[in-house]
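Structure data (mmCIF, C-alpha atoms) from data22.cif:
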data_final
loop_
_atom_site.label_atom_id
_atom_site.label_comp_id
_atom_site.auth_asym_id
_atom_site.auth_seq_id
_atom_site.Cartn_x
_atom_site.Cartn_y
_atom_site.Cartn_z
CA MET L 1 125.79 94.63 103.97
CA GLN L 2 128.86 92.43 103.75
CA PHE L 3 128.63 88.75 102.92
CA SER L 4 131.18 86.03 103.31
CA SER L 5 129.78 84.18 100.28
CA SER L 6 129.08 85.54 96.82
CA LEU L 7 126.41 82.85 96.29
CA LEU L 8 124.54 84.23 99.29
CA GLU L 9 125.08 87.80 98.18
CA ASN L 10 123.75 87.16 94.68
CA ALA L 11 120.66 85.43 96.03
CA VAL L 12 119.96 88.30 98.42
CA ASN L 13 120.39 90.82 95.60
CA GLU L 14 117.96 88.92 93.38
CA PHE L 15 115.28 88.85 96.08
CA ALA L 16 115.88 92.51 96.92
CA ARG L 17 114.93 93.42 93.34
CA LEU L 18 111.36 92.28 93.93
CA PRO L 19 108.92 95.09 94.75
CA GLY L 20 108.49 95.84 98.45
CA ILE L 21 111.40 93.61 99.47
CA GLY L 22 114.42 95.34 100.97
CA LYS L 23 117.84 93.92 101.70
CA LYS L 24 116.97 92.80 105.23
CA THR L 25 113.83 90.96 104.17
CA ALA L 26 115.71 89.45 101.24
CA LEU L 27 118.37 88.14 103.62
CA ARG L 28 115.68 86.66 105.88
CA LEU L 29 114.08 84.87 102.93
CA VAL L 30 117.39 83.56 101.61
CA LEU L 31 118.48 82.28 105.04
CA HIS L 32 115.10 80.58 105.31
CA LEU L 33 115.65 78.84 101.97
CA LEU L 34 119.14 77.89 103.10
CA LYS L 35 117.59 75.92 105.96
CA GLN L 36 115.22 74.04 103.65
CA ASP L 37 115.86 70.76 101.90
CA PRO L 38 117.81 71.34 98.65
CA LYS L 39 115.07 69.47 96.77
CA GLU L 40 112.42 71.91 97.95
CA VAL L 41 114.51 74.91 96.99
CA GLY L 42 115.13 73.30 93.60
CA GLN L 43 111.38 72.97 93.19
CA PHE L 44 110.84 76.60 94.20
CA SER L 45 113.34 77.74 91.63
CA GLU L 46 111.97 75.48 88.89
CA VAL L 47 108.34 76.47 89.43
CA ILE L 48 109.26 80.17 89.13
CA ALA L 49 111.30 79.61 85.96
CA ARG L 50 108.60 77.44 84.37
CA MET L 51 105.90 79.94 85.29
CA ARG L 52 107.66 82.71 83.37
CA SER L 53 108.74 80.67 80.37
CA GLU L 54 105.64 78.54 79.85
CA ILE L 55 102.77 80.75 80.91
CA LYS L 56 100.62 82.08 78.08
CA PHE L 57 98.04 84.78 77.76
CA CYS L 58 94.55 83.84 76.60
CA HIS L 59 94.08 84.90 72.96
CA ARG L 60 90.53 85.94 73.70
CA CYS L 61 90.55 87.73 77.09
CA PHE L 62 94.31 88.21 77.83
CA ASN L 63 94.04 86.40 81.15
CA VAL L 64 96.95 84.14 82.10
CA ALA L 65 96.50 80.66 80.71
CA ASP L 66 98.27 77.34 80.49
CA GLY L 67 97.33 77.03 76.81
CA ASP L 68 96.00 79.32 74.06
CA ILE L 69 92.66 79.82 75.79
CA CYS L 70 92.22 80.34 79.54
CA SER L 71 90.13 78.05 81.70
CA ILE L 72 87.37 80.65 82.04
CA CYS L 73 86.98 81.15 78.29
CA ALA L 74 87.12 77.38 77.77
CA ASN L 75 84.41 76.71 80.36
CA SER L 76 81.12 76.14 78.51
CA LEU L 77 79.15 76.48 81.77
CA ARG L 78 80.02 80.19 81.92
CA LYS L 79 77.99 82.81 80.06
CA GLN L 80 80.25 83.43 77.08
CA GLU L 81 78.07 86.31 75.87
CA VAL L 82 78.77 88.43 78.97
CA ILE L 83 82.13 90.21 79.26
CA CYS L 84 83.47 91.88 82.37
CA VAL L 85 86.13 94.48 81.53
CA VAL L 86 88.91 94.75 84.12
CA GLU L 87 92.31 96.41 84.37
CA THR L 88 94.51 93.53 85.52
CA ILE L 89 94.70 89.81 86.26
CA ARG L 90 94.51 90.68 89.94
CA ASP L 91 90.99 92.06 89.40
CA VAL L 92 89.93 88.78 87.78
CA ILE L 93 91.14 86.89 90.83
CA ALA L 94 89.31 89.30 93.15
CA ILE L 95 86.03 88.94 91.25
CA GLU L 96 86.40 85.15 90.90
CA SER L 97 86.80 84.81 94.66
CA THR L 98 83.31 86.32 95.16
CA GLN L 99 81.92 83.30 93.22
CA GLN L 100 79.09 85.59 92.08
CA TYR L 101 80.10 86.17 88.47
CA HIS L 102 79.63 83.54 85.82
CA GLY L 103 80.52 85.35 82.60
CA THR L 104 83.88 85.93 80.93
CA TYR L 105 86.50 88.68 81.25
CA HIS L 106 88.52 91.01 79.12
CA ILE L 107 91.73 92.34 80.60
CA LEU L 108 92.64 95.80 79.33
CA ASN L 109 96.11 95.74 80.89
CA GLY L 110 95.67 99.19 82.39
CA VAL L 111 93.46 102.22 81.80
CA ILE L 112 93.73 105.32 79.63
CA SER L 113 96.04 107.73 81.43
CA PRO L 114 97.49 110.48 79.22
CA LEU L 115 99.70 111.77 82.05
CA ASP L 116 101.47 108.37 82.15
CA GLY L 117 101.57 108.23 78.36
CA ILE L 118 99.02 105.43 78.18
CA GLY L 119 96.55 105.85 75.34
CA PRO L 120 93.92 103.47 73.93
CA ASP L 121 96.48 101.88 71.60
CA GLN L 122 98.58 100.58 74.49
CA LEU L 123 95.58 98.73 75.91
CA ASN L 124 93.58 95.71 74.74
CA ILE L 125 90.72 97.93 73.55
CA SER L 126 90.63 97.31 69.80
CA SER L 127 90.66 93.56 70.47
CA LEU L 128 87.69 94.07 72.83
CA ILE L 129 85.68 95.98 70.17
CA HIS L 130 86.58 93.33 67.60
CA ARG L 131 85.60 90.53 70.01
CA ILE L 132 82.22 92.13 70.81
CA GLU L 133 81.40 92.56 67.12
CA LYS L 134 82.46 89.03 66.24
CA GLU L 135 80.91 87.22 69.19
CA LYS L 136 77.70 89.24 69.31
CA THR L 137 78.21 89.90 73.03
CA GLU L 138 75.02 90.72 74.94
CA GLU L 139 76.36 92.58 77.95
CA LEU L 140 79.53 94.45 78.80
CA ILE L 141 80.18 95.05 82.51
CA PHE L 142 82.86 97.57 83.43
CA ALA L 143 84.67 96.69 86.67
CA LEU L 144 87.35 99.38 86.61
CA ASN L 145 88.70 101.21 89.63
CA PRO L 146 86.58 104.26 90.43
CA ASN L 147 88.84 107.13 89.39
CA ILE L 148 89.24 109.61 86.55
CA GLN L 149 91.31 107.21 84.44
CA GLY L 150 88.76 104.44 84.86
CA ASP L 151 85.88 106.75 83.97
CA THR L 152 87.76 108.07 80.93
CA THR L 153 88.34 104.52 79.74
CA ILE L 154 84.67 103.63 80.20
CA TYR L 155 83.65 106.76 78.26
CA TYR L 156 86.07 106.00 75.42
CA ILE L 157 85.00 102.36 74.98
CA GLN L 158 81.33 103.21 75.29
CA LYS L 159 81.68 105.84 72.53
CA LYS L 160 83.39 103.30 70.29
CA LEU L 161 80.53 100.86 70.87
CA GLN L 162 77.72 103.27 70.00
CA PRO L 163 77.00 101.61 66.62
CA VAL L 164 76.74 98.19 68.30
CA SER L 165 73.58 97.08 70.08
CA ILE L 166 74.79 95.90 73.46
CA ARG L 167 73.89 96.42 77.11
CA ILE L 168 76.66 98.30 78.90
CA THR L 169 76.77 98.45 82.70
CA THR L 170 79.29 99.22 85.41
CA ILE L 171 79.64 97.78 88.88
CA ALA L 172 77.90 99.87 91.57
CA ARG L 173 79.81 102.61 93.34
CA GLY L 174 78.74 103.27 96.89
CA ILE L 175 79.54 102.95 100.54
CA ALA L 176 81.52 99.74 101.11
CA PHE L 177 80.11 97.11 103.43
CA GLY L 178 81.43 97.92 106.92
CA GLY L 179 82.34 101.47 105.83
CA GLU L 180 81.17 104.54 107.69
CA LEU L 181 79.13 107.33 106.12
CA GLU L 182 80.98 110.15 107.85
CA TYR L 183 84.31 109.07 106.39
CA ALA L 184 83.07 108.58 102.82
CA ASP L 185 84.16 111.20 100.31
CA GLU L 186 81.49 113.48 98.81
CA MET L 187 81.64 111.93 95.36
CA THR L 188 81.01 108.42 96.62
CA LEU L 189 78.23 109.58 98.91
CA ALA L 190 76.63 111.65 96.15
CA ARG L 191 76.75 108.72 93.71
CA SER L 192 75.36 106.29 96.23
CA LEU L 193 72.44 108.67 96.84
CA GLN L 194 71.80 109.12 93.11
CA ASN L 195 71.87 105.38 92.53
CA ARG L 196 69.79 104.47 95.56
CA LEU L 197 68.03 101.09 95.46
CA PRO L 198 64.44 100.19 96.33
CA ILE L 199 64.66 98.53 99.73
CA GLU L 200 63.16 95.22 98.54
CA LYS L 201 65.97 94.89 96.05
CA TYR L 202 68.59 95.58 98.70
CA VAL L 203 67.21 93.03 101.15
CA THR L 204 66.97 90.18 98.68
CA GLN L 205 70.51 90.71 97.37
CA MET N 1 92.04 82.43 95.54
CA GLN N 2 91.14 80.97 92.16
CA PHE N 3 93.57 81.03 89.28
CA SER N 4 93.00 80.46 85.61
CA SER N 5 96.47 78.95 85.22
CA SER N 6 98.07 76.19 87.24
CA LEU N 7 101.54 77.55 86.43
CA LEU N 8 100.56 80.82 88.08
CA GLU N 9 98.94 79.04 91.00
CA ASN N 10 102.02 76.89 91.67
CA ALA N 11 104.31 79.90 91.58
CA VAL N 12 102.07 81.81 94.00
CA ASN N 13 101.95 78.82 96.34
CA GLU N 14 105.74 78.50 96.32
CA PHE N 15 106.22 82.17 97.23
CA ALA N 16 103.50 81.97 99.89
CA ARG N 17 105.53 79.29 101.70
CA LEU N 18 108.25 81.81 102.47
CA PRO N 19 108.06 83.31 105.98
CA GLY N 20 106.07 86.52 106.25
CA ILE N 21 104.71 86.26 102.72
CA GLY N 22 100.97 85.70 102.39
CA LYS N 23 98.99 84.76 99.32
CA LYS N 24 98.31 88.36 98.28
CA THR N 25 101.96 89.39 98.51
CA ALA N 26 102.95 86.18 96.72
CA LEU N 27 100.58 87.03 93.89
CA ARG N 28 101.99 90.55 93.67
CA LEU N 29 105.54 89.18 93.44
CA VAL N 30 104.61 86.58 90.83
CA LEU N 31 102.74 89.11 88.68
CA HIS N 32 105.80 91.36 88.93
CA LEU N 33 108.03 88.54 87.69
CA LEU N 34 105.53 87.85 84.92
CA LYS N 35 106.12 91.37 83.61
CA GLN N 36 109.91 90.96 83.60
CA ASP N 37 112.06 89.70 80.79
CA PRO N 38 112.09 85.84 80.76
CA LYS N 39 115.91 85.98 80.88
CA GLU N 40 115.88 87.94 84.13
CA VAL N 41 113.41 85.57 85.73
CA GLY N 42 115.56 82.66 84.56
CA GLN N 43 118.52 84.29 86.26
CA PHE N 44 116.51 84.83 89.47
CA SER N 45 115.53 81.18 89.53
CA GLU N 46 119.05 79.95 88.74
CA VAL N 47 120.75 82.10 91.37
CA ILE N 48 118.39 80.77 94.06
CA ALA N 49 118.90 77.15 93.02
CA ARG N 50 122.69 77.53 92.84
CA MET N 51 122.77 79.27 96.21
CA ARG N 52 121.11 76.31 97.90
CA SER N 53 122.97 73.56 96.08
CA GLU N 54 126.47 75.06 95.98
CA ILE N 55 126.74 77.06 99.17
CA LYS N 56 128.94 75.53 101.82
CA PHE N 57 129.47 76.12 105.50
CA CYS N 58 132.93 77.04 106.73
CA HIS N 59 134.54 74.00 108.41
CA ARG N 60 136.05 76.24 111.02
CA CYS N 61 133.39 78.81 112.00
CA PHE N 62 130.20 77.50 110.32
CA ASN N 63 129.65 80.74 108.44
CA VAL N 64 128.35 80.46 104.88
CA ALA N 65 131.19 80.07 102.41
CA ASP N 66 131.81 79.53 98.72
CA GLY N 67 134.48 76.94 99.52
CA ASP N 68 135.57 74.89 102.54
CA ILE N 69 136.73 77.95 104.46
CA CYS N 70 134.87 81.28 104.57
CA SER N 71 136.42 84.53 103.43
CA ILE N 72 136.77 85.78 107.02
CA CYS N 73 138.69 82.70 108.19
CA ALA N 74 140.81 82.80 105.05
CA ASN N 75 141.73 86.46 105.54
CA SER N 76 145.21 86.63 107.08
CA LEU N 77 144.74 90.32 107.90
CA ARG N 78 142.14 89.40 110.52
CA LYS N 79 143.11 88.41 114.06
CA GLN N 80 142.73 84.66 113.84
CA GLU N 81 143.33 84.26 117.59
CA VAL N 82 140.18 86.19 118.54
CA ILE N 83 136.80 84.46 118.21
CA CYS N 84 133.42 86.18 118.41
CA VAL N 85 130.67 83.71 119.31
CA VAL N 86 127.30 84.49 117.67
CA GLU N 87 123.97 82.73 117.23
CA THR N 88 123.38 83.09 113.49
CA ILE N 89 124.84 84.21 110.18
CA ARG N 90 122.66 87.29 110.46
CA ASP N 91 124.63 88.38 113.54
CA VAL N 92 127.88 88.05 111.61
CA ILE N 93 126.50 90.35 108.92
CA ALA N 94 125.34 92.85 111.57
CA ILE N 95 128.75 92.93 113.27
CA GLU N 96 130.64 93.06 109.98
CA SER N 97 128.64 96.11 108.94
CA THR N 98 130.01 98.05 111.95
CA GLN N 99 133.52 97.56 110.46
CA GLN N 100 134.85 97.65 114.03
CA TYR N 101 135.67 93.98 114.50
CA HIS N 102 138.71 92.39 112.95
CA GLY N 103 138.77 88.90 114.48
CA THR N 104 136.98 85.71 113.44
CA TYR N 105 133.59 84.24 114.30
CA HIS N 106 132.06 81.02 115.52
CA ILE N 107 128.39 80.47 114.70
CA LEU N 108 126.59 78.38 117.32
CA ASN N 109 123.47 77.99 115.19
CA GLY N 110 121.20 78.94 118.09
CA VAL N 111 121.41 79.04 121.88
CA ILE N 112 120.69 76.54 124.64
CA SER N 113 116.93 76.53 125.17
CA PRO N 114 115.61 73.48 127.03
CA LEU N 115 111.99 74.59 126.51
CA ASP N 116 112.51 74.34 122.74
CA GLY N 117 114.42 71.09 123.13
CA ILE N 118 117.73 72.65 122.16
CA GLY N 119 120.64 71.40 124.23
CA PRO N 120 124.41 71.89 123.84
CA ASP N 121 124.64 68.89 121.51
CA GLN N 122 122.42 70.51 118.88
CA LEU N 123 124.75 73.52 118.73
CA ASN N 124 128.29 74.01 117.43
CA ILE N 125 129.70 74.06 120.98
CA SER N 126 131.99 71.01 121.05
CA SER N 127 133.59 72.18 117.80
CA LEU N 128 134.17 75.57 119.45
CA ILE N 129 135.89 74.00 122.48
CA HIS N 130 137.96 71.81 120.17
CA ARG N 131 138.88 74.79 118.01
CA ILE N 132 139.96 76.90 121.02
CA GLU N 133 142.16 74.10 122.34
CA LYS N 134 143.70 73.40 118.96
CA GLU N 135 144.24 76.99 117.83
CA LYS N 136 145.34 78.37 121.21
CA THR N 137 142.77 81.16 120.94
CA GLU N 138 143.57 84.25 123.02
CA GLU N 139 140.16 85.84 123.42
CA LEU N 140 136.58 84.67 123.16
CA ILE N 141 133.96 87.42 122.79
CA PHE N 142 130.33 86.45 123.33
CA ALA N 143 127.91 88.46 121.16
CA LEU N 144 124.69 86.62 122.01
CA ASN N 145 121.29 88.22 122.39
CA PRO N 146 120.76 89.47 125.95
CA ASN N 147 118.21 87.01 127.30
CA ILE N 148 118.04 83.98 129.59
CA GLN N 149 118.94 81.54 126.79
CA GLY N 150 121.93 83.63 125.75
CA ASP N 151 123.16 83.92 129.34
CA THR N 152 122.70 80.16 129.90
CA THR N 153 124.77 79.46 126.82
CA ILE N 154 127.53 81.82 127.93
CA TYR N 155 127.55 80.16 131.37
CA TYR N 156 127.71 76.65 129.88
CA ILE N 157 130.57 77.40 127.47
CA GLN N 158 132.50 79.36 130.08
CA LYS N 159 132.29 76.39 132.50
CA LYS N 160 133.58 74.06 129.78
CA LEU N 161 136.52 76.38 129.19
CA GLN N 162 137.63 76.64 132.81
CA PRO N 163 140.68 74.39 132.31
CA VAL N 164 141.80 76.51 129.36
CA SER N 165 143.67 79.77 129.83
CA ILE N 166 141.75 82.24 127.69
CA ARG N 167 140.30 85.72 128.05
CA ILE N 168 136.51 85.57 127.88
CA THR N 169 134.43 88.73 127.38
CA THR N 170 130.94 89.64 126.33
CA ILE N 171 129.70 92.66 124.40
CA ALA N 172 128.50 95.48 126.67
CA ARG N 173 124.85 95.60 127.72
CA GLY N 174 123.50 99.06 128.37
CA ILE N 175 121.30 101.84 127.16
CA ALA N 176 121.33 101.89 123.36
CA PHE N 177 122.55 104.99 121.58
CA GLY N 178 119.50 107.21 121.06
CA GLY N 179 117.55 105.28 123.69
CA GLU N 180 115.82 106.92 126.62
CA LEU N 181 116.54 106.10 130.26
CA GLU N 182 112.93 106.21 131.39
CA TYR N 183 111.93 103.51 128.91
CA ALA N 184 114.81 101.15 129.66
CA ASP N 185 113.93 98.01 131.65
CA GLU N 186 115.31 97.68 135.18
CA MET N 187 117.73 94.90 134.29
CA THR N 188 119.37 96.87 131.49
CA LEU N 189 119.55 99.99 133.62
CA ALA N 190 120.95 98.06 136.60
CA ARG N 191 123.61 96.41 134.45
CA SER N 192 124.61 99.66 132.80
CA LEU N 193 125.05 101.19 136.26
CA GLN N 194 127.11 98.25 137.50
CA ASN N 195 129.31 98.35 134.41
CA ARG N 196 129.73 102.11 134.35
CA LEU N 197 132.74 103.47 132.48
CA PRO N 198 135.29 106.07 133.53
CA ILE N 199 134.30 109.19 131.58
CA GLU N 200 137.68 109.47 129.82
CA LYS N 201 137.15 106.03 128.36
CA TYR N 202 133.65 106.92 127.17
CA VAL N 203 134.72 110.13 125.47
CA THR N 204 137.62 108.61 123.60
CA GLN N 205 135.61 105.69 122.28
#

Can you turn what I pasted into structure tokens?
Amino acid sequence: MQFSSSLLENAVNEFARLPGIGKKTALRLVLHLLKQDPKEVGQFSEVIARMRSEIKFCHRCFNVADGDICSICANSLRKQEVICVVETIRDVIAIESTQQYHGTYHILNGVISPLDGIGPDQLNISSLIHRIEKEKTEELIFALNPNIQGDTTIYYIQKKLQPVSIRITTIARGIAFGGELEYADEMTLARSLQNRLPIEKYVTQ
Amino acid sequence: MQFSSSLLENAVNEFARLPGIGKKTALRLVLHLLKQDPKEVGQFSEVIARMRSEIKFCHRCFNVADGDICSICANSLRKQEVICVVETIRDVIAIESTQQYHGTYHILNGVISPLDGIGPDQLNISSLIHRIEKEKTEELIFALNPNIQGDTTIYYIQKKLQPVSIRITTIARGIAFGGELEYADEMTLARSLQNRLPIEKYVTQ
């Protein structure tokens, strides 16, 4: 692509470095911004810069936060003695949007994956163990993606917590709402049979 | 979507205002930036802001430019007496990437479209007429999209130029390279029959 302006070219190149955005999309976005009011584009640019430079990570759960503690940890209406363990911030947002969970979170920042060179020390695991011991947590809910790495991580943390008296659960695996039995893989189907629910429980949920 | 940080939320909202970018994609982009070095994100933000505030439009052809005149108009190696009329900057980039055109451009900034309330006065048409008269242009090549609005615009400008002695052409319409005859619409097929080329001309092109 040839540009008649280096300012335009630089802007397109910056956008094209974002994941999933190619040169053509980048050009479309930049030409869109070019049509906007300079004030609005200034605001766009400032909000992005401020986000990166001022955002903090919660000292307790590693969620993004405006201060030292995130709004979920600071909320006294939430059950502070229940921790939901997730991989990423995106999972927190997904669970929060269900409006069904009222405890706190702990973001591991990934899962144990020896093939990718990610061991327990690269994750927020020791801080989780420390937090559980200090806060006398009552329940730990694992909400990790259902794969080998997730299961390995659950196994590792659960082993570490054996001396501690705490209820450990994991979110249910099964056929997704709207899914079809015939397309489910064997493992999911097998697990959802093993963990079948009494029908009364299912109906009232 | 619920966020535990207003800085994050604002950044996601700004990205989600871009065309074709929804909230989920915006979140993915913002979380990507969050993982980058603050310096790089600062650069991203600065390049975007500078692009909008410092970019100029060429006084002669309305292309984007770093100064008063764009690099194409300023290039004495290009045929300054040939003007290619296009709708948008994107068309200039598309034609430039063929490396087959060595004249200049004139960007109309759209086409005549009464249904959308766009008349000749909203477009860079009078400046084009003025430019042709002043510069004694030899050839005007229309490279507008092949549709009713494009054809209307060509007809309007051509009428305006009747007193002026100038060669007016339009890029060829026809079956695209790699296209299939049976899927071509009747109008394209009819035009490509009407404007058939002597075979020697086709082979040497």

Using only C-alpha atoms, which residues of chain N come within 7 Å of chain L, and what is the closest atom pair for each, with the distance in Å to one decimal? Give it as a tab-separated table, sorted by chain and residue number.
residue	atom	partner	partner_atom	distance
N:Met1	CA	L:Ser97	CA	5.8
N:Gln2	CA	L:Ile93	CA	6.1
N:Phe3	CA	L:Ile93	CA	6.5
N:Ser4	CA	L:Ser71	CA	5.4
N:Ser5	CA	L:Ala65	CA	4.8
N:Ser6	CA	L:Asp66	CA	6.9
N:Leu7	CA	L:Met51	CA	5.1
N:Leu8	CA	L:Met51	CA	6.1
N:Asn10	CA	L:Val47	CA	6.7
N:Ala11	CA	L:Ile48	CA	5.5
N:Glu14	CA	L:Phe44	CA	5.8
N:Leu18	CA	L:Leu29	CA	6.6
N:Pro19	CA	L:Leu29	CA	6.9
N:Leu29	CA	L:Leu18	CA	6.6
N:Leu34	CA	L:Arg52	CA	5.8
N:Pro38	CA	L:Arg52	CA	6.0
N:Val41	CA	L:Ala49	CA	6.3
N:Gly42	CA	L:Ala49	CA	5.4
N:Phe44	CA	L:Glu14	CA	5.8
N:Ser45	CA	L:Ser45	CA	4.6
N:Glu46	CA	L:Ser45	CA	6.8
N:Val47	CA	L:Ala11	CA	5.7
N:Ile48	CA	L:Ala11	CA	5.5
N:Ala49	CA	L:Gly42	CA	5.4
N:Met51	CA	L:Leu7	CA	5.1
N:Arg52	CA	L:Leu34	CA	5.8
N:Ser53	CA	L:Pro38	CA	6.2
N:Ile55	CA	L:Leu7	CA	6.5
N:Val64	CA	L:Ser5	CA	6.1
N:Ala65	CA	L:Ser5	CA	4.8
N:Asp66	CA	L:Ser5	CA	5.3
N:Cys70	CA	L:Ser4	CA	6.1
N:Ser71	CA	L:Ser4	CA	5.5
N:Ile72	CA	L:Ser4	CA	6.7
N:Ile93	CA	L:Gln2	CA	6.1
N:Glu96	CA	L:Gln2	CA	6.5
N:Ser97	CA	L:Met1	CA	5.9

Would you compute an axis-aligned box for region 162-179 of chain L, covering every atom listed for it in the file with 4 Å of margin on each side, and report centre and edge lengths in Å to one decimal as JSON?
{"center_x": 78.0, "center_y": 99.6, "center_z": 86.8, "size_x": 16.8, "size_y": 15.4, "size_z": 48.3}

Pairwise distance for CA of Ser165 (chain L) and CA of Ile83 (chain L), rounded to one decimal in Å |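 Between these atoms lies a distance of 14.3 Å.
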
Could you give me, as an MDAnalysis selection string, the residues that have an atom at most 6 Å away from the point (135.0, 79.7, 117.0) in the coordinates of the file, using all atoms listed in the file?
-> chainID N and resid 61 83 105:106 128

Mind pulling up the distance from CA of Arg78 (chain L) to CA of Thr104 (chain L)?
->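 According to the coordinates, CA of Thr104 (chain L) and CA of Arg78 (chain L) are separated by 7.0 Å.
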
List the residues selected by the PyMOL selection byres ((chain L and resi 139-154) around 9) in the file shown, writing them as a PyMOL selection string.
-> chain L and resi 81-87+91+111-114+120+132+137-138+155-159+166-173

Requested write-out: C-alpha atoms of the selected residues, as a PDB file, keeping the file's coordinate frame:
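What follows is the written file selection10.pdb:
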ATOM      1  CA  GLU L  81      78.070  86.310  75.870  1.00  0.00           C
ATOM      2  CA  VAL L  82      78.770  88.430  78.970  1.00  0.00           C
ATOM      3  CA  ILE L  83      82.130  90.210  79.260  1.00  0.00           C
ATOM      4  CA  CYS L  84      83.470  91.880  82.370  1.00  0.00           C
ATOM      5  CA  VAL L  85      86.130  94.480  81.530  1.00  0.00           C
ATOM      6  CA  VAL L  86      88.910  94.750  84.120  1.00  0.00           C
ATOM      7  CA  GLU L  87      92.310  96.410  84.370  1.00  0.00           C
ATOM      8  CA  ASP L  91      90.990  92.060  89.400  1.00  0.00           C
ATOM      9  CA  VAL L 111      93.460 102.220  81.800  1.00  0.00           C
ATOM     10  CA  ILE L 112      93.730 105.320  79.630  1.00  0.00           C
ATOM     11  CA  SER L 113      96.040 107.730  81.430  1.00  0.00           C
ATOM     12  CA  PRO L 114      97.490 110.480  79.220  1.00  0.00           C
ATOM     13  CA  PRO L 120      93.920 103.470  73.930  1.00  0.00           C
ATOM     14  CA  ILE L 132      82.220  92.130  70.810  1.00  0.00           C
ATOM     15  CA  THR L 137      78.210  89.900  73.030  1.00  0.00           C
ATOM     16  CA  GLU L 138      75.020  90.720  74.940  1.00  0.00           C
ATOM     17  CA  TYR L 155      83.650 106.760  78.260  1.00  0.00           C
ATOM     18  CA  TYR L 156      86.070 106.000  75.420  1.00  0.00           C
ATOM     19  CA  ILE L 157      85.000 102.360  74.980  1.00  0.00           C
ATOM     20  CA  GLN L 158      81.330 103.210  75.290  1.00  0.00           C
ATOM     21  CA  LYS L 159      81.680 105.840  72.530  1.00  0.00           C
ATOM     22  CA  ILE L 166      74.790  95.900  73.460  1.00  0.00           C
ATOM     23  CA  ARG L 167      73.890  96.420  77.110  1.00  0.00           C
ATOM     24  CA  ILE L 168      76.660  98.300  78.900  1.00  0.00           C
ATOM     25  CA  THR L 169      76.770  98.450  82.700  1.00  0.00           C
ATOM     26  CA  THR L 170      79.290  99.220  85.410  1.00  0.00           C
ATOM     27  CA  ILE L 171      79.640  97.780  88.880  1.00  0.00           C
ATOM     28  CA  ALA L 172      77.900  99.870  91.570  1.00  0.00           C
ATOM     29  CA  ARG L 173      79.810 102.610  93.340  1.00  0.00           C
TER      30      ARG L 173
END

Could you please determine the separation between CA of Asp68 (chain N) and CA of Leu123 (chain N) in Å, to one decimal place?
->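 Separation of CA of Asp68 (chain N) and CA of Leu123 (chain N): 19.5 Å.
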